[in-house]
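The next block is work-v6.cif, given as mmCIF, N, CA and C atoms.
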```
data_coords
#
loop_
_atom_site.label_atom_id
_atom_site.label_comp_id
_atom_site.auth_asym_id
_atom_site.auth_seq_id
_atom_site.Cartn_x
_atom_site.Cartn_y
_atom_site.Cartn_z
N MET A 24 49.56 111.97 90.37
CA MET A 24 50.76 112.17 91.18
C MET A 24 51.77 112.91 90.34
N LYS A 25 52.40 113.91 90.88
CA LYS A 25 53.39 114.69 90.15
C LYS A 25 54.72 113.98 90.14
N ALA A 26 55.51 114.29 89.11
CA ALA A 26 56.86 113.73 89.04
C ALA A 26 57.67 114.26 90.21
N GLY A 27 58.42 113.40 90.84
CA GLY A 27 59.28 113.81 91.94
C GLY A 27 58.60 113.74 93.30
N SER A 28 57.34 113.26 93.38
CA SER A 28 56.66 113.19 94.67
C SER A 28 56.78 111.79 95.25
N PHE A 29 57.97 111.29 95.28
CA PHE A 29 58.23 109.93 95.76
C PHE A 29 58.06 109.83 97.26
N SER A 30 58.23 110.92 98.00
CA SER A 30 58.16 110.87 99.46
C SER A 30 56.80 110.41 99.96
N GLY A 31 55.72 110.77 99.25
CA GLY A 31 54.40 110.33 99.66
C GLY A 31 54.25 108.82 99.55
N VAL A 32 54.82 108.25 98.54
CA VAL A 32 54.75 106.80 98.34
C VAL A 32 55.55 106.10 99.43
N VAL A 33 56.73 106.63 99.74
CA VAL A 33 57.56 106.01 100.76
C VAL A 33 56.90 106.09 102.12
N SER A 34 56.28 107.23 102.43
CA SER A 34 55.67 107.37 103.75
C SER A 34 54.48 106.43 103.89
N THR A 35 53.67 106.26 102.83
CA THR A 35 52.53 105.34 102.97
C THR A 35 53.01 103.91 103.00
N ALA A 36 54.08 103.61 102.27
CA ALA A 36 54.61 102.25 102.28
C ALA A 36 55.25 101.94 103.62
N ALA A 37 55.74 102.96 104.31
CA ALA A 37 56.38 102.76 105.59
C ALA A 37 55.37 102.55 106.71
N GLY A 38 54.08 102.75 106.41
CA GLY A 38 53.07 102.46 107.41
C GLY A 38 52.34 103.67 107.95
N ALA A 39 52.24 104.73 107.19
CA ALA A 39 51.48 105.90 107.62
C ALA A 39 50.01 105.52 107.71
N SER A 40 49.25 106.25 108.49
CA SER A 40 47.87 105.87 108.76
C SER A 40 46.94 106.11 107.58
N ALA A 41 47.24 107.06 106.68
CA ALA A 41 46.36 107.34 105.56
C ALA A 41 46.49 106.24 104.52
N ALA A 42 45.36 105.60 104.22
CA ALA A 42 45.37 104.51 103.23
C ALA A 42 45.08 105.10 101.85
N PRO A 43 45.88 104.74 100.85
CA PRO A 43 45.63 105.26 99.51
C PRO A 43 44.37 104.64 98.91
N ALA A 44 43.79 105.34 97.96
CA ALA A 44 42.58 104.84 97.29
C ALA A 44 42.93 103.59 96.49
N ALA A 45 41.99 102.65 96.45
CA ALA A 45 42.21 101.41 95.72
C ALA A 45 42.43 101.71 94.24
N GLY A 46 43.42 101.07 93.65
CA GLY A 46 43.73 101.27 92.25
C GLY A 46 44.63 102.46 91.96
N SER A 47 44.93 103.25 92.99
CA SER A 47 45.81 104.41 92.76
C SER A 47 47.25 103.95 92.65
N VAL A 48 48.09 104.85 92.18
CA VAL A 48 49.51 104.55 92.03
C VAL A 48 50.10 104.18 93.39
N GLN A 49 49.74 104.93 94.41
CA GLN A 49 50.27 104.65 95.74
C GLN A 49 49.84 103.27 96.23
N ALA A 50 48.60 102.89 95.94
CA ALA A 50 48.11 101.57 96.38
C ALA A 50 48.87 100.45 95.68
N ILE A 51 49.13 100.63 94.39
CA ILE A 51 49.86 99.61 93.63
C ILE A 51 51.28 99.46 94.17
N VAL A 52 51.95 100.60 94.40
CA VAL A 52 53.31 100.55 94.94
C VAL A 52 53.31 99.95 96.33
N GLN A 53 52.36 100.35 97.15
CA GLN A 53 52.28 99.84 98.52
C GLN A 53 52.06 98.33 98.51
N GLU A 54 51.18 97.84 97.65
CA GLU A 54 50.95 96.40 97.57
C GLU A 54 52.20 95.66 97.12
N GLY A 55 52.92 96.24 96.15
CA GLY A 55 54.16 95.61 95.67
C GLY A 55 55.21 95.52 96.75
N ILE A 56 55.39 96.61 97.50
CA ILE A 56 56.38 96.62 98.58
C ILE A 56 55.98 95.65 99.68
N ALA A 57 54.69 95.62 100.01
CA ALA A 57 54.21 94.71 101.05
C ALA A 57 54.41 93.25 100.64
N SER A 58 54.16 92.96 99.38
CA SER A 58 54.33 91.60 98.88
C SER A 58 55.79 91.16 98.97
N ILE A 59 56.69 92.03 98.57
CA ILE A 59 58.11 91.71 98.63
C ILE A 59 58.56 91.54 100.08
N ALA A 60 58.13 92.45 100.94
CA ALA A 60 58.55 92.41 102.33
C ALA A 60 58.04 91.17 103.06
N GLN A 61 56.81 90.74 102.75
CA GLN A 61 56.24 89.59 103.44
C GLN A 61 56.75 88.27 102.91
N ASN A 62 56.87 88.15 101.62
CA ASN A 62 57.14 86.85 101.03
C ASN A 62 58.59 86.61 100.66
N TYR A 63 59.34 87.67 100.41
CA TYR A 63 60.71 87.55 99.90
C TYR A 63 60.75 86.66 98.67
N ALA A 64 59.62 86.56 98.00
CA ALA A 64 59.53 85.72 96.80
C ALA A 64 59.70 86.61 95.57
N PRO A 65 60.06 86.00 94.46
CA PRO A 65 60.16 86.81 93.24
C PRO A 65 58.83 87.46 92.89
N VAL A 66 58.88 88.69 92.44
CA VAL A 66 57.68 89.41 92.07
C VAL A 66 57.22 88.89 90.71
N HIS A 67 55.93 88.75 90.55
CA HIS A 67 55.41 88.33 89.25
C HIS A 67 55.76 89.37 88.20
N VAL A 68 55.84 88.94 86.97
CA VAL A 68 56.25 89.82 85.88
C VAL A 68 55.32 91.03 85.79
N LEU A 69 54.04 90.83 85.89
CA LEU A 69 53.11 91.95 85.79
C LEU A 69 53.34 92.95 86.92
N GLY A 70 53.53 92.47 88.12
CA GLY A 70 53.81 93.36 89.24
C GLY A 70 55.10 94.13 89.05
N LEU A 71 56.11 93.46 88.51
CA LEU A 71 57.38 94.11 88.24
C LEU A 71 57.21 95.19 87.18
N LEU A 72 56.46 94.88 86.13
CA LEU A 72 56.22 95.87 85.08
C LEU A 72 55.44 97.06 85.61
N GLN A 73 54.48 96.82 86.48
CA GLN A 73 53.73 97.92 87.08
C GLN A 73 54.64 98.78 87.94
N THR A 74 55.53 98.15 88.67
CA THR A 74 56.45 98.89 89.52
C THR A 74 57.40 99.74 88.68
N VAL A 75 57.91 99.16 87.60
CA VAL A 75 58.78 99.92 86.70
C VAL A 75 58.02 101.07 86.07
N ASP A 76 56.79 100.82 85.65
CA ASP A 76 55.96 101.85 85.06
C ASP A 76 55.75 103.01 86.02
N VAL A 77 55.43 102.70 87.25
CA VAL A 77 55.21 103.73 88.26
C VAL A 77 56.50 104.50 88.53
N ALA A 78 57.60 103.78 88.65
CA ALA A 78 58.88 104.44 88.95
C ALA A 78 59.28 105.39 87.83
N ILE A 79 59.16 104.96 86.58
CA ILE A 79 59.54 105.82 85.46
C ILE A 79 58.61 107.02 85.37
N ASN A 80 57.31 106.82 85.58
CA ASN A 80 56.38 107.94 85.55
C ASN A 80 56.64 108.94 86.66
N MET A 81 57.15 108.47 87.79
CA MET A 81 57.46 109.39 88.89
C MET A 81 58.76 110.14 88.62
N MET A 82 59.70 109.51 87.93
CA MET A 82 61.00 110.15 87.69
C MET A 82 61.00 111.08 86.49
N PHE A 83 60.23 110.75 85.46
CA PHE A 83 60.27 111.51 84.22
C PHE A 83 58.88 111.96 83.81
N SER A 84 58.79 113.19 83.32
CA SER A 84 57.52 113.66 82.77
C SER A 84 57.27 112.98 81.43
N TYR A 85 56.06 113.14 80.91
CA TYR A 85 55.73 112.55 79.61
C TYR A 85 56.64 113.10 78.53
N GLU A 86 56.91 114.40 78.59
CA GLU A 86 57.76 115.03 77.58
C GLU A 86 59.18 114.47 77.64
N ALA A 87 59.70 114.26 78.85
CA ALA A 87 61.04 113.68 78.99
C ALA A 87 61.08 112.25 78.47
N GLN A 88 60.03 111.49 78.72
CA GLN A 88 59.95 110.13 78.20
C GLN A 88 59.93 110.15 76.67
N TRP A 89 59.17 111.09 76.10
CA TRP A 89 59.10 111.20 74.65
C TRP A 89 60.48 111.52 74.07
N VAL A 90 61.20 112.43 74.71
CA VAL A 90 62.54 112.81 74.23
C VAL A 90 63.49 111.62 74.33
N LEU A 91 63.41 110.84 75.41
CA LEU A 91 64.26 109.65 75.54
C LEU A 91 63.97 108.63 74.43
N VAL A 92 62.71 108.40 74.15
CA VAL A 92 62.34 107.44 73.10
C VAL A 92 62.81 107.96 71.73
N ALA A 93 62.62 109.25 71.48
CA ALA A 93 63.06 109.82 70.21
C ALA A 93 64.58 109.76 70.07
N ALA A 94 65.30 110.05 71.14
CA ALA A 94 66.77 110.01 71.10
C ALA A 94 67.27 108.59 70.86
N CYS A 95 66.69 107.63 71.55
CA CYS A 95 67.09 106.23 71.35
C CYS A 95 66.76 105.77 69.92
N THR A 96 65.60 106.19 69.40
CA THR A 96 65.22 105.84 68.03
C THR A 96 66.23 106.42 67.04
N CYS A 97 66.54 107.69 67.18
CA CYS A 97 67.50 108.32 66.27
C CYS A 97 68.87 107.65 66.36
N SER A 98 69.29 107.34 67.56
CA SER A 98 70.59 106.71 67.74
C SER A 98 70.63 105.32 67.11
N ILE A 99 69.56 104.56 67.28
CA ILE A 99 69.49 103.22 66.69
C ILE A 99 69.58 103.32 65.16
N ILE A 100 68.86 104.27 64.59
CA ILE A 100 68.86 104.44 63.13
C ILE A 100 70.23 104.89 62.64
N VAL A 101 70.84 105.85 63.34
CA VAL A 101 72.13 106.39 62.91
C VAL A 101 73.26 105.36 63.06
N HIS A 102 73.17 104.50 64.06
CA HIS A 102 74.23 103.51 64.26
C HIS A 102 74.26 102.45 63.16
N GLN A 103 73.16 102.24 62.45
CA GLN A 103 73.13 101.21 61.42
C GLN A 103 74.15 101.44 60.31
N PRO A 104 74.17 102.61 59.65
CA PRO A 104 75.19 102.80 58.62
C PRO A 104 76.61 102.90 59.18
N ILE A 105 76.73 103.38 60.41
CA ILE A 105 78.07 103.49 61.01
C ILE A 105 78.67 102.11 61.22
N ILE A 106 77.90 101.19 61.81
CA ILE A 106 78.42 99.85 62.06
C ILE A 106 78.63 99.12 60.73
N GLY A 107 77.76 99.38 59.75
CA GLY A 107 77.95 98.79 58.43
C GLY A 107 79.25 99.24 57.80
N LYS A 108 79.57 100.50 57.95
CA LYS A 108 80.82 101.04 57.40
C LYS A 108 82.02 100.45 58.13
N CYS A 109 81.93 100.36 59.45
CA CYS A 109 83.03 99.81 60.25
C CYS A 109 83.28 98.34 59.93
N LEU A 110 82.22 97.61 59.65
CA LEU A 110 82.36 96.18 59.36
C LEU A 110 82.55 95.90 57.87
N HIS A 111 82.56 96.95 57.06
CA HIS A 111 82.73 96.82 55.61
C HIS A 111 81.63 95.95 55.00
N ILE A 112 80.41 96.20 55.45
CA ILE A 112 79.25 95.47 54.93
C ILE A 112 78.72 96.24 53.73
N ALA A 113 78.39 95.51 52.67
CA ALA A 113 77.85 96.15 51.47
C ALA A 113 76.56 96.89 51.80
N ARG A 114 76.27 97.91 51.03
CA ARG A 114 75.11 98.74 51.30
C ARG A 114 73.80 97.96 51.21
N GLY A 115 73.73 96.98 50.33
CA GLY A 115 72.51 96.19 50.19
C GLY A 115 72.23 95.30 51.38
N VAL A 116 73.27 94.93 52.11
CA VAL A 116 73.12 94.09 53.30
C VAL A 116 73.00 95.03 54.50
N SER A 117 71.97 94.84 55.27
CA SER A 117 71.81 95.74 56.41
C SER A 117 71.65 94.95 57.70
N LEU A 118 71.83 95.63 58.77
CA LEU A 118 71.68 95.05 60.10
C LEU A 118 70.34 95.53 60.64
N LYS A 119 69.27 94.78 60.40
CA LYS A 119 67.93 95.28 60.68
C LYS A 119 67.30 94.88 62.00
N PRO A 120 67.86 93.98 62.80
CA PRO A 120 67.08 93.54 63.97
C PRO A 120 66.65 94.67 64.89
N MET A 121 67.53 95.63 65.14
CA MET A 121 67.16 96.71 66.05
C MET A 121 66.21 97.70 65.41
N VAL A 122 66.40 97.96 64.12
CA VAL A 122 65.51 98.89 63.43
C VAL A 122 64.10 98.31 63.36
N LEU A 123 63.99 97.01 63.20
CA LEU A 123 62.68 96.38 63.15
C LEU A 123 61.96 96.42 64.50
N SER A 124 62.70 96.64 65.57
CA SER A 124 62.06 96.73 66.89
C SER A 124 61.47 98.11 67.16
N LEU A 125 61.81 99.09 66.36
CA LEU A 125 61.34 100.46 66.61
C LEU A 125 59.82 100.61 66.52
N PRO A 126 59.14 99.97 65.56
CA PRO A 126 57.68 100.07 65.58
C PRO A 126 57.07 99.53 66.88
N LEU A 127 57.65 98.46 67.41
CA LEU A 127 57.17 97.93 68.69
C LEU A 127 57.38 98.95 69.81
N VAL A 128 58.52 99.61 69.81
CA VAL A 128 58.81 100.63 70.84
C VAL A 128 57.77 101.74 70.78
N TRP A 129 57.52 102.27 69.58
CA TRP A 129 56.58 103.39 69.46
C TRP A 129 55.14 102.94 69.71
N PHE A 130 54.78 101.72 69.29
CA PHE A 130 53.45 101.20 69.59
C PHE A 130 53.26 101.11 71.10
N THR A 131 54.26 100.57 71.79
CA THR A 131 54.19 100.47 73.25
C THR A 131 54.08 101.84 73.88
N PHE A 132 54.87 102.80 73.38
CA PHE A 132 54.87 104.15 73.94
C PHE A 132 53.49 104.79 73.83
N PHE A 133 52.86 104.70 72.66
CA PHE A 133 51.59 105.39 72.46
C PHE A 133 50.37 104.59 72.89
N MET A 134 50.39 103.28 72.76
CA MET A 134 49.18 102.49 72.99
C MET A 134 49.14 101.78 74.34
N VAL A 135 50.30 101.44 74.89
CA VAL A 135 50.32 100.68 76.14
C VAL A 135 50.64 101.61 77.31
N SER A 136 51.87 102.10 77.33
CA SER A 136 52.31 102.95 78.42
C SER A 136 53.54 103.72 77.96
N SER A 137 53.53 105.01 78.18
CA SER A 137 54.69 105.80 77.77
C SER A 137 55.94 105.38 78.54
N ALA A 138 55.78 105.01 79.79
CA ALA A 138 56.92 104.58 80.59
C ALA A 138 57.48 103.25 80.09
N MET A 139 56.60 102.33 79.72
CA MET A 139 57.08 101.04 79.19
C MET A 139 57.74 101.23 77.83
N GLY A 140 57.20 102.12 77.01
CA GLY A 140 57.82 102.43 75.73
C GLY A 140 59.20 103.03 75.92
N CYS A 141 59.33 103.89 76.92
CA CYS A 141 60.61 104.51 77.24
C CYS A 141 61.61 103.45 77.70
N ALA A 142 61.19 102.60 78.59
CA ALA A 142 62.07 101.53 79.08
C ALA A 142 62.48 100.60 77.94
N LEU A 143 61.54 100.25 77.09
CA LEU A 143 61.82 99.38 75.95
C LEU A 143 62.81 100.04 74.99
N ALA A 144 62.67 101.34 74.76
CA ALA A 144 63.59 102.05 73.87
C ALA A 144 65.00 102.06 74.43
N VAL A 145 65.12 102.31 75.72
CA VAL A 145 66.45 102.34 76.35
C VAL A 145 67.08 100.95 76.32
N VAL A 146 66.30 99.93 76.63
CA VAL A 146 66.82 98.56 76.61
C VAL A 146 67.23 98.16 75.19
N THR A 147 66.39 98.50 74.20
CA THR A 147 66.72 98.19 72.81
C THR A 147 68.01 98.88 72.38
N HIS A 148 68.16 100.14 72.78
CA HIS A 148 69.38 100.87 72.43
C HIS A 148 70.60 100.25 73.10
N ALA A 149 70.48 99.89 74.36
CA ALA A 149 71.61 99.27 75.06
C ALA A 149 71.98 97.94 74.41
N ILE A 150 70.99 97.15 74.04
CA ILE A 150 71.27 95.87 73.36
C ILE A 150 71.97 96.12 72.04
N GLN A 151 71.52 97.15 71.31
CA GLN A 151 72.15 97.45 70.03
C GLN A 151 73.62 97.84 70.22
N VAL A 152 73.90 98.66 71.21
CA VAL A 152 75.29 99.06 71.46
C VAL A 152 76.14 97.84 71.80
N LEU A 153 75.64 96.98 72.67
CA LEU A 153 76.39 95.76 73.02
C LEU A 153 76.54 94.84 71.81
N TRP A 154 75.51 94.72 71.00
CA TRP A 154 75.56 93.92 69.78
C TRP A 154 76.63 94.45 68.84
N ASN A 155 76.64 95.78 68.66
CA ASN A 155 77.63 96.40 67.77
C ASN A 155 79.05 96.19 68.28
N ILE A 156 79.25 96.30 69.57
CA ILE A 156 80.58 96.07 70.15
C ILE A 156 81.01 94.63 69.89
N ARG A 157 80.10 93.69 70.09
CA ARG A 157 80.43 92.28 69.85
C ARG A 157 80.76 92.04 68.37
N LEU A 158 80.02 92.66 67.46
CA LEU A 158 80.31 92.52 66.04
C LEU A 158 81.69 93.09 65.70
N LEU A 159 82.01 94.24 66.26
CA LEU A 159 83.32 94.85 66.01
C LEU A 159 84.45 94.00 66.58
N GLU A 160 84.25 93.44 67.77
CA GLU A 160 85.28 92.58 68.37
C GLU A 160 85.49 91.32 67.53
N SER A 161 84.42 90.72 67.06
CA SER A 161 84.57 89.50 66.24
C SER A 161 85.24 89.83 64.91
N ARG A 162 84.93 90.98 64.34
CA ARG A 162 85.59 91.41 63.10
C ARG A 162 87.08 91.63 63.34
N ALA A 163 87.42 92.27 64.46
CA ALA A 163 88.83 92.51 64.78
C ALA A 163 89.57 91.19 64.99
N ARG A 164 88.92 90.22 65.67
CA ARG A 164 89.56 88.91 65.86
C ARG A 164 89.78 88.19 64.53
N ALA A 165 88.81 88.31 63.64
CA ALA A 165 88.93 87.67 62.33
C ALA A 165 90.06 88.29 61.52
N ILE A 166 90.18 89.59 61.58
CA ILE A 166 91.26 90.28 60.85
C ILE A 166 92.60 89.90 61.46
N LYS A 167 92.66 89.86 62.78
CA LYS A 167 93.91 89.51 63.48
C LYS A 167 94.31 88.07 63.16
N ALA A 168 93.35 87.17 63.14
CA ALA A 168 93.64 85.76 62.84
C ALA A 168 94.08 85.59 61.38
N GLY A 169 93.55 86.40 60.49
CA GLY A 169 93.91 86.32 59.08
C GLY A 169 95.30 86.84 58.80
N LYS A 170 95.79 87.75 59.62
CA LYS A 170 97.12 88.34 59.40
C LYS A 170 98.23 87.47 59.95
N LYS A 171 97.92 86.60 60.88
CA LYS A 171 98.95 85.77 61.50
C LYS A 171 99.36 84.63 60.61
#
```

Can you give me the file's structure in the form of structure tokens?
Amino acid sequence: MKAGSFSGVVSTAAGASAAPAAGSVQAIVQEGIASIAQNYAPVHVLGLLQTVDVAINMMFSYEAQWVLVAACTCSIIVHQPIIGKCLHIARGVSLKPMVLSLPLVWFTFFMVSSAMGCALAVVTHAIQVLWNIRLLESRARAIKAGKK
């Protein structure tokens, strides 16, 4: 299925007469939509991951996914010394939790699914940004409390 061909999935999910081949992307999406529509129950984690995988693969080409993962990786690495400088952390002490997640991101990208690796990279980057903001806010509160 080509990127951007979402209309075919929507038309088959809406009840078009042509049935997709078993195991195809359209069949997986159609089953997921049918399950949600019939049961209104929470989707199982695997089904949700498959749906996210399909959606990302339809929206972004492999090259675009690779660029997103590379950009998030570079940003995560570059933010480490910046936040260390802002927090006045000694060079020997580092903030490694997000950097240590990068091998998992790239392993997922190459070995499991490029779309899942892309999603994991974006989520890891967003968590890092929120983590850094929280660290900066707590540092500012500590400085403010010390001056009073």

*Contacts of segment 94-107 of chain A at 7 Å or less, counting only C-alpha atoms, minus same-chain residues fewer than 6 places along, as a PyMOL selection string?*
chain A and resi 118+121-122+125+144-145+148+155

*Distance of atom C of Leu110 of chain A from atom CA of Arg157 of chain A, expressed in Å to one decimal place*: 12.7 Å

_Quick check, in Å to one decimal: how far apart do atom N of Ala149 of chain A and atom N of Pro126 of chain A lie?_
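We find that atom N of Ala149 of chain A and atom N of Pro126 of chain A lie 14.4 Å from each other.
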
*If you run DSSP on the backbone, which residues of segment 85-127 of chain A are alpha helix (DSSP H), as an MDAnalysis selection string?*
chainID A and resid 85:109 120:123 125:127

_Between atom CA of Val48 of chain A and atom CA of Ala87 of chain A - distance in Å to one decimal_ = 19.7 Å

*Given the choices A:Val90, A:Val77, A:Ala44, A:Leu143, which gets closest to Leu127 of chain A if the distance is worked out from only N, CA and C atoms?*
A:Leu143

*Counting only C-alpha atoms, what is within 9 Å of Ala78 of chain A, bar same-chain residues fewer than 4 positions away, as a list in words?*
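Counting only C-alpha atoms, the residues come to Phe29, Gln73, Thr74, Met82, Phe83 and Ala138 of chain A.
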
*Of the candidates A:Met134, A:Ala165, A:Ile51, A:Val128, which shows the shortest atom-to-atom distance to Thr147 of chain A, using only C-alpha atoms?*
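Looking at the shortest contact to Thr147 of chain A, the residue is A:Val128.
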
*Nearest to Val75 of chain A among A:Trp154, A:Glu160, A:Met139, A:Ile166, with distances taken over all atoms listed in the file: which residue is it?*
A:Met139

For segment 128-141 of chain A, take all atoms listed in the file, fit an axis-aligned box around them, add 6 Å to each of the six sides, then output centre and edge lengths in Å rounded to one decimal, as JSON.
```
{"center_x": 55.4, "center_y": 102.7, "center_z": 74.9, "size_x": 24.5, "size_y": 18.2, "size_z": 23.3}
```
